[in-house]
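For reference, the structure is listed below as structure tokens.
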Amino acid sequence: MDSHTAGEPTRVVVAGGPDLGRGSLAERRAHFRDGFDAFRSAVVNEPRGSDVLVGALLVEPTDARCAAGVIFFNNVGVLHMCGHGAIGVAVTLAHLGRIKPGKHFLETSAGVVGVELDNTNKAIIDNVSSFRHAANVCVPVEGHGVVTGDVAWGGNWFFLVNDHGQSLELGNVDKLTEFTWRIRQALEEHRIRGKDGGQIDHIELFGPPRESKNDSRNFVLCPGKAYDRSPCGTGTSAKLACLYADGKLREGQVWRQESIVGSVFEGTVRINDGQIIPRIRGRAYVTAEATLLFDPEDPFRDGIRVLA
Ligand code: PYC
């Protein structure tokens with residue numbers, strides 16, 4: 001089932017996925033990553049998909065509260081969490097009649113995520129606890145001098161940059177991609193990582209919004225060099241955690257994050273036992289129901305694999 005959330009596509013695999021056993025979601029994600037890379041690539045990469053498509057494999061949850069377990073993946077590997085994808089999964093499950101409007105939970109390898117669904121394609125995600133790991137980290141970036149940003153977790157690792165001198169316009173995507181890719185390479189080169197050595201594989205730039213009712217516009221580079229068409233659920237969560245840490249956002253205050261294509265997620269935070277829990281509201285639309293065919297004679301049966 002295909003959908004898009006704020007312009008960013010999600011392909012939910014509802015049947016026919018590999019048997020990943022009965023371990024935790026983190027163990028099954030690792031099993032999927034290590035043992036079924038051809039399946040991952042076949043589902044999301046060309047010729048059936050594209051670099052921008054995020055896959056969501058439905059699996060049995062271990063937590064009985066959850067409507068489904070989900071393993072998110074993209075053109076180069078697996079993700080821990082995906083905010084636009086979780087909204088897409090919720091709307092897809094409703095389309096399939098598997099859940100009704102109301103409150104539900106999804107189990108991911110990053111933790112259990114709440115989803116509140118209405119009947120107008122809107123969903124609110126109660127994301128995993130998010131936090132800023134390091135503020136004002138300086139990294140020399142080839143051709144751009146020293147770039148300063150924050151390292152934060154929103155379900156994936158992000159490097160968030162406010163001061164960059166770039167114009168966040170759709171017509172400037174090639175330059176933005178090249179700039180953010182260099183930042184990512186520089187972070188790796190200088191061994192700048194998240195907590196426990198987590199690789200920072202998402203780079204996020206911020207600038208003024210185009211619409212005055214929004215608070216900010218962003219450009220998010222995803223791990224496989226595609227840019228997020230949505231404001232990025234985990235990226236907005238990382239941003240909210242930084243704003244809260246800086247005293248620039250109060251509990252419950254709405255932050256409207258505009259994407260590079262002009263779509264919007266509304267975010268708030270609530271504090272639970274001292275932890276920052278971002279809530280992200282967005283809309284998804286189902287775009288296709290399909291059966292993927294894998295012809296053994298097809299030389300590109302497993303997709304055209306992209307190397308990160
Ligand atoms: O919405 O969290 C998100 C996301 C991550 C990568 C693409 N979208």
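The way I read the labels, and the way they are meant: chains A, B, ... in the order of the structure tokens, residue 1 as the first residue of every chain, and ligand 1 as the first ligand shown, with later ones counted on from there.
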
Do you know which residues are within 6 Å of ligand 1 using only C-alpha atoms and all ligand atoms? Can you write them as a short mmCIF file (atom, residue, chain, number, x, y, z; two decimals) with N, CA, C and O atoms, in the first residue's frame?
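New file out.cif:
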```cif
data_model
loop_
_atom_site.label_atom_id
_atom_site.label_comp_id
_atom_site.auth_asym_id
_atom_site.auth_seq_id
_atom_site.Cartn_x
_atom_site.Cartn_y
_atom_site.Cartn_z
N CYS A 82 10.37 6.51 11.83
CA CYS A 82 10.11 7.43 10.73
C CYS A 82 8.77 8.09 11.04
O CYS A 82 7.75 7.40 11.11
N GLY A 83 8.80 9.40 11.21
CA GLY A 83 7.58 10.11 11.62
C GLY A 83 6.56 10.18 10.51
O GLY A 83 5.37 9.86 10.71
N HIS A 84 7.00 10.60 9.30
CA HIS A 84 6.02 10.66 8.21
C HIS A 84 5.53 9.24 7.92
O HIS A 84 4.36 9.04 7.59
N GLY A 85 6.44 8.26 8.05
CA GLY A 85 6.08 6.86 7.79
C GLY A 85 5.06 6.34 8.79
O GLY A 85 4.13 5.62 8.42
N CYS A 222 18.24 12.89 3.81
CA CYS A 222 18.07 11.55 4.39
C CYS A 222 19.33 10.71 4.11
O CYS A 222 20.17 11.09 3.31
N ASP A 228 13.94 14.94 2.18
CA ASP A 228 12.59 14.66 2.67
C ASP A 228 11.62 15.71 2.13
O ASP A 228 11.85 16.90 2.30
N CYS A 232 9.68 16.10 7.94
CA CYS A 232 10.40 15.03 8.63
C CYS A 232 9.95 14.93 10.10
O CYS A 232 10.27 15.81 10.90
N GLY A 233 9.25 13.85 10.40
CA GLY A 233 8.71 13.69 11.75
C GLY A 233 9.79 13.55 12.81
O GLY A 233 9.74 14.19 13.87
N THR A 234 10.80 12.72 12.52
CA THR A 234 11.87 12.55 13.51
C THR A 234 12.76 13.81 13.55
O THR A 234 13.26 14.19 14.61
N GLY A 235 12.91 14.46 12.39
CA GLY A 235 13.70 15.70 12.34
C GLY A 235 13.00 16.83 13.07
O GLY A 235 13.66 17.63 13.76
#
```

Contacts of region 102-119 of chain A within 10 Å, only C-alpha atoms, excl. fewer than 5 positions in-chain, as a PyMOL selection string: chain A and resi 24-30+58-72+79-83+86-87+89-91+94+124-129+154-156+279-281+283

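Counting from CA of Phe158 (chain A), the distance to CA of Phe179 (chain A) is 15.1 Å.
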
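Proximity to Ala288 (chain A) was assessed for A:Gly267, A:Pro9, A:Gly97, A:Gly35 counting only C-alpha atoms; the smallest distance is recorded for A:Pro9.
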
Between CA of Asn121 (chain A) and CA of Leu221 (chain A) - distance in Å to one decimal: 25.9 Å

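Between Asp37 (chain A) and the candidates A:Glu8, A:Asp302, A:Glu188, A:Asp174, the tightest atom-to-atom separation, counting only C-alpha atoms, involves A:Asp302.
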
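Note that the spacing between CA of Ile192 (chain A) and CA of Arg250 (chain A) amounts to 29.2 Å.
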
Which of region 122-254 of chain A DSSP labels alpha helix (DSSP H), written as JSON, numbers by chain: {"A": [173, 174, 175, 176, 177, 178, 179, 180, 181, 182, 183, 184, 185, 186, 187, 188, 189, 233, 234, 235, 236, 237, 238, 239, 240, 241, 242, 243, 244, 245]}
